[in-house]
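*Asks:* Input work05.txt, format and content: compact mmCIF, C-alpha atoms.
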# COMPACT_ATOMS: atom_id res chain seq x y z
CA MET A 1 0.00 0.00 0.00
CA PHE A 2 1.13 3.52 -0.70
CA LEU A 3 0.50 6.85 0.94
CA VAL A 4 0.14 9.27 -1.96
CA LEU A 5 0.34 13.05 -1.69
CA HIS A 6 -0.68 14.93 -4.82
CA ARG A 7 -0.88 18.62 -4.08
CA GLU A 8 -2.68 20.94 -6.45
CA GLY A 9 -0.17 22.21 -8.99
CA ASP A 10 2.26 19.28 -8.62
CA SER A 11 2.87 17.46 -11.88
CA GLU A 12 3.54 14.13 -10.16
CA PRO A 13 2.38 12.76 -6.82
CA THR A 14 4.79 11.83 -4.04
CA ARG A 15 4.40 8.18 -3.15
CA TRP A 16 5.62 6.39 -0.03
CA ARG A 17 5.35 2.63 0.51
CA TYR A 18 3.21 2.21 3.63
CA GLU A 19 4.22 -0.92 5.50
CA PRO A 20 3.30 -0.49 9.17
CA LYS A 21 5.55 -3.33 10.28
CA LYS A 22 8.54 -1.54 8.71
CA LEU A 23 8.13 1.73 10.62
CA MET A 24 10.88 2.22 13.17
CA SER A 25 10.05 1.98 16.89
CA VAL A 26 10.76 5.70 17.42
CA GLU A 27 8.32 6.51 14.61
CA ARG A 28 5.65 4.17 16.03
CA GLU A 29 6.04 5.64 19.52
CA ASP A 30 5.80 9.18 18.15
CA ILE A 31 2.64 8.23 16.23
CA GLU A 32 1.13 6.73 19.41
CA ARG A 33 1.88 9.93 21.38
CA ARG A 34 0.49 12.22 18.69
CA THR A 35 -2.69 10.24 18.03
CA GLY A 36 -3.40 8.79 21.49
CA ARG A 37 -3.86 5.33 19.91
CA HIS A 38 -1.86 2.15 20.29
CA PHE A 39 -0.17 1.28 17.03
CA ALA A 40 -2.49 -1.57 15.99
CA GLN A 41 -5.49 0.74 16.41
CA PHE A 42 -3.66 3.48 14.49
CA THR A 43 -3.15 1.21 11.47
CA THR A 44 -6.86 0.38 11.41
CA ASP A 45 -7.82 4.04 11.79
CA VAL A 46 -5.52 5.06 8.92
CA LEU A 47 -7.39 2.66 6.63
CA GLN A 48 -10.75 3.90 7.87
CA GLY A 49 -9.85 7.50 7.02
CA ASN A 50 -9.12 9.05 10.41
CA SER A 51 -7.74 12.54 9.65
CA LEU A 52 -5.41 12.79 12.65
CA CYS A 53 -3.94 9.37 11.92
CA ARG A 54 -3.36 10.17 8.26
CA ARG A 55 -1.79 13.48 9.22
CA ALA A 56 0.55 11.71 11.66
CA LEU A 57 1.48 9.20 8.96
CA LEU A 58 2.19 11.95 6.42
CA PHE A 59 4.28 13.76 9.03
CA THR A 60 6.31 10.61 9.62
CA TYR A 61 7.19 10.25 5.94
CA LEU A 62 7.82 13.96 5.34
CA ARG A 63 10.09 14.14 8.38
CA ARG A 64 12.27 11.37 6.95
CA ASP A 65 13.15 13.65 4.03
CA HIS A 66 12.97 16.93 5.95
CA PRO A 67 13.94 16.35 9.63
CA LYS A 68 13.05 19.89 10.72
CA THR A 69 9.42 19.48 9.63
CA ARG A 70 7.01 20.32 12.43
CA PHE A 71 3.73 18.51 12.97
CA GLU A 72 1.92 21.84 13.18
CA ASP A 73 3.02 22.60 9.61
CA ILE A 74 1.37 19.49 8.14
CA ASP A 75 -1.79 20.49 6.32
CA PHE A 76 -3.40 19.02 3.24
CA GLY A 77 -6.66 19.01 1.36
CA TRP A 78 -8.58 15.79 1.86
CA ASP A 79 -8.44 15.12 -1.87
CA GLU A 80 -4.64 15.61 -1.90
CA LEU A 81 -3.80 12.64 0.33
CA LYS A 82 -4.93 9.07 -0.21
CA LEU A 83 -3.99 5.48 0.32
CA GLU A 84 -3.61 3.25 -2.71
CA TYR A 85 -3.33 -0.50 -2.85
CA SER A 86 -0.75 -1.82 -5.30
CA ARG A 87 -1.57 -4.19 -8.14
CA GLN A 88 0.07 -6.96 -6.10
CA GLU A 89 -2.15 -6.28 -3.09
CA TYR A 90 -5.29 -6.33 -5.23
CA THR A 91 -4.14 -9.62 -6.72
CA LYS A 92 -3.76 -11.06 -3.21
CA MET A 93 -7.27 -9.80 -2.33
CA ARG A 94 -8.59 -11.43 -5.51
CA GLU A 95 -7.12 -14.77 -4.45
CA GLY A 96 -8.85 -14.44 -1.07
CA VAL A 97 -12.18 -13.66 -2.71
CA LEU A 98 -11.87 -16.74 -4.92
CA GLU A 99 -11.54 -18.86 -1.79
CA THR A 100 -14.38 -17.31 0.20
CA LEU A 101 -17.17 -16.10 -2.10
CA HIS A 102 -19.45 -17.90 -4.54
CA GLY A 103 -21.98 -17.17 -7.26
CA ASP A 104 -23.15 -13.61 -7.86
CA GLU A 105 -21.20 -12.30 -4.86
CA LEU A 106 -17.99 -13.72 -6.31
CA ALA A 107 -18.71 -12.35 -9.78
CA GLY A 108 -19.41 -8.86 -8.44
CA ALA A 109 -16.32 -8.82 -6.24
CA LEU A 110 -14.11 -10.04 -9.09
CA ARG A 111 -15.44 -7.33 -11.41
CA GLN A 112 -14.69 -4.67 -8.85
CA ILE A 113 -11.21 -5.98 -7.99
CA ASP A 114 -10.27 -6.51 -11.64
CA GLN A 115 -11.21 -2.92 -12.40
CA GLN A 116 -9.01 -1.73 -9.53
CA ILE A 117 -6.12 -3.91 -10.71
CA GLU A 118 -6.16 -2.20 -14.12
CA ASP A 119 -5.54 1.24 -12.60
CA ALA A 120 -3.35 0.22 -9.65
CA TYR A 121 0.30 1.13 -9.26
CA ASP A 122 2.57 -1.79 -10.16
CA ASP A 123 4.87 -2.24 -7.17
CA VAL A 124 7.57 -4.39 -8.73
CA GLU A 125 9.65 -4.29 -5.53
CA ALA A 126 6.87 -6.03 -3.59
CA ALA A 127 6.13 -8.73 -6.16
CA GLY A 128 5.24 -11.93 -4.35
CA LYS A 129 5.35 -10.44 -0.86
CA ALA A 130 2.39 -8.08 -0.61
CA GLU A 131 0.81 -7.84 2.85
CA LEU A 132 -2.24 -5.99 4.03
CA PRO A 133 -1.36 -2.82 5.99
CA ILE A 134 -2.49 -3.83 9.46
CA ALA A 135 -0.10 -4.23 12.39
CA ASP A 136 -0.61 -7.06 14.86
Show me, as structure tokens, the structure contained in the file I just sent.
*Replies:*
Amino acid sequence: MFLVLHREGDSEPTRWRYEPKKLMSVEREDIERRTGRHFAQFTTDVLQGNSLCRRALLFTYLRRDHPKTRFEDIDFGWDELKLEYSRQEYTKMREGVLETLHGDELAGALRQIDQQIEDAYDDVEAAGKAELPIAD
């Protein structure tokens, strides 16, 4: 999964690979302090669209490139920041659907996933090892 920031006026979006299990302990602890959530809850809330959690995540990635970035300076339009599954993650979801759904439900889910696969970012670095972005 990727955190994608595409500010108005930018020709290309900035894309960070979002793998919660790969965040450093200092980053996880900072996220917990800023959001008031334990890390497993934070990862769920990021997926569900919690604004504070997404802001904390964006701050974490921006600070890697610009260490003097302050949390107070992080501001974005809701349509400028999104999470995107990679083609590999959609393929993994498709495999799960094939194992769990049947009939019309299966057909509908496959149509939807296949459409998403067409437009998804091809994460060649993660080929064969895609995981869903939830921390245990």
*Asks:* What's around segment 75-84 of chain A at 12 Å? Count only C-alpha atoms, leave out sequence neighbours fewer than 5 positions away in its own chain, and write the answer as number ranges by chain.
*Replies:* A: 1-10, 12-19, 43, 46-52, 54-59, 62, 69-70, 89-90, 116-117, 119-123, 132-133
*Asks:* Restricted to C-alpha atoms, what would the selected residues look like written as an mmCIF file, keeping the file's coordinate frame?
*Replies:*
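File written: again32.cif
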data_model
loop_
_atom_site.group_PDB
_atom_site.id
_atom_site.type_symbol
_atom_site.label_atom_id
_atom_site.label_comp_id
_atom_site.auth_asym_id
_atom_site.auth_seq_id
_atom_site.Cartn_x
_atom_site.Cartn_y
_atom_site.Cartn_z
ATOM 1 C CA MET A 1 0.000 0.000 0.000
ATOM 2 C CA PHE A 2 1.130 3.520 -0.700
ATOM 3 C CA LEU A 3 0.500 6.850 0.940
ATOM 4 C CA VAL A 4 0.140 9.270 -1.960
ATOM 5 C CA LEU A 5 0.340 13.050 -1.690
ATOM 6 C CA HIS A 6 -0.680 14.930 -4.820
ATOM 7 C CA ARG A 7 -0.880 18.620 -4.080
ATOM 8 C CA GLU A 8 -2.680 20.940 -6.450
ATOM 9 C CA GLY A 9 -0.170 22.210 -8.990
ATOM 10 C CA ASP A 10 2.260 19.280 -8.620
ATOM 11 C CA GLU A 12 3.540 14.130 -10.160
ATOM 12 C CA PRO A 13 2.380 12.760 -6.820
ATOM 13 C CA THR A 14 4.790 11.830 -4.040
ATOM 14 C CA ARG A 15 4.400 8.180 -3.150
ATOM 15 C CA TRP A 16 5.620 6.390 -0.030
ATOM 16 C CA ARG A 17 5.350 2.630 0.510
ATOM 17 C CA TYR A 18 3.210 2.210 3.630
ATOM 18 C CA GLU A 19 4.220 -0.920 5.500
ATOM 19 C CA THR A 43 -3.150 1.210 11.470
ATOM 20 C CA VAL A 46 -5.520 5.060 8.920
ATOM 21 C CA LEU A 47 -7.390 2.660 6.630
ATOM 22 C CA GLN A 48 -10.750 3.900 7.870
ATOM 23 C CA GLY A 49 -9.850 7.500 7.020
ATOM 24 C CA ASN A 50 -9.120 9.050 10.410
ATOM 25 C CA SER A 51 -7.740 12.540 9.650
ATOM 26 C CA LEU A 52 -5.410 12.790 12.650
ATOM 27 C CA ARG A 54 -3.360 10.170 8.260
ATOM 28 C CA ARG A 55 -1.790 13.480 9.220
ATOM 29 C CA ALA A 56 0.550 11.710 11.660
ATOM 30 C CA LEU A 57 1.480 9.200 8.960
ATOM 31 C CA LEU A 58 2.190 11.950 6.420
ATOM 32 C CA PHE A 59 4.280 13.760 9.030
ATOM 33 C CA LEU A 62 7.820 13.960 5.340
ATOM 34 C CA THR A 69 9.420 19.480 9.630
ATOM 35 C CA ARG A 70 7.010 20.320 12.430
ATOM 36 C CA GLU A 89 -2.150 -6.280 -3.090
ATOM 37 C CA TYR A 90 -5.290 -6.330 -5.230
ATOM 38 C CA GLN A 116 -9.010 -1.730 -9.530
ATOM 39 C CA ILE A 117 -6.120 -3.910 -10.710
ATOM 40 C CA ASP A 119 -5.540 1.240 -12.600
ATOM 41 C CA ALA A 120 -3.350 0.220 -9.650
ATOM 42 C CA TYR A 121 0.300 1.130 -9.260
ATOM 43 C CA ASP A 122 2.570 -1.790 -10.160
ATOM 44 C CA ASP A 123 4.870 -2.240 -7.170
ATOM 45 C CA LEU A 132 -2.240 -5.990 4.030
ATOM 46 C CA PRO A 133 -1.360 -2.820 5.990
#
*Asks:* Separation of atom CA of Leu110 of chain A and atom CA of Arg87 of chain A, in Å?
*Replies:*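 Separation of atom CA of Leu110 of chain A and atom CA of Arg87 of chain A: 13.9 Å.
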*Asks:* Hey, can you check how far atom CA of Ser86 of chain A sits from atom CA of Thr35 of chain A?
*Replies:*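 Pair atom CA of Ser86 of chain A / atom CA of Thr35 of chain A returns 26.3 Å.
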*Asks:* For a quick check of understanding, using all atoms listed in the file, which of A:Thr44, A:Ala107, A:Glu118, A:Gly36 has the smallest distance to Pro20 of chain A?
*Replies:*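 Of the candidates, the smallest distance to Pro20 of chain A is held by A:Thr44.
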*Asks:* Compile the contact shell of Asp114 of chain A as an NGL selection string: residues with an atom at most 9 Å away, counting all atoms listed in the file, same-chain residues fewer than 5 positions apart removed.
*Replies:* :A and (90-91 or 94 or 109)
*Asks:* For the selection just defined, write its residues with C-alpha atoms to a file, as a compact mmCIF listing (two decimals), in the coordinates of the input.
*Replies:*
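Below is the file part31.txt, written as the result:
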# COMPACT_ATOMS: atom_id res chain seq x y z
CA TYR A 90 -5.29 -6.33 -5.23
CA THR A 91 -4.14 -9.62 -6.72
CA ARG A 94 -8.59 -11.43 -5.51
CA ALA A 109 -16.32 -8.82 -6.24
*Asks:* Take atom CA of Leu23 of chain A and atom CA of Gln41 of chain A and report the distance between them in Å, one decimal.
*Replies:*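 That distance, rounded to one decimal, is 14.8 Å.
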*Asks:* Near Arg28 of chain A, within 10 Å and counting only C-alpha atoms, which residues show up once chain neighbours fewer than 2 positions away are dropped, as number ranges by chain?
*Replies:* A: 20-26, 30-34, 38-40, 42, 57, 60
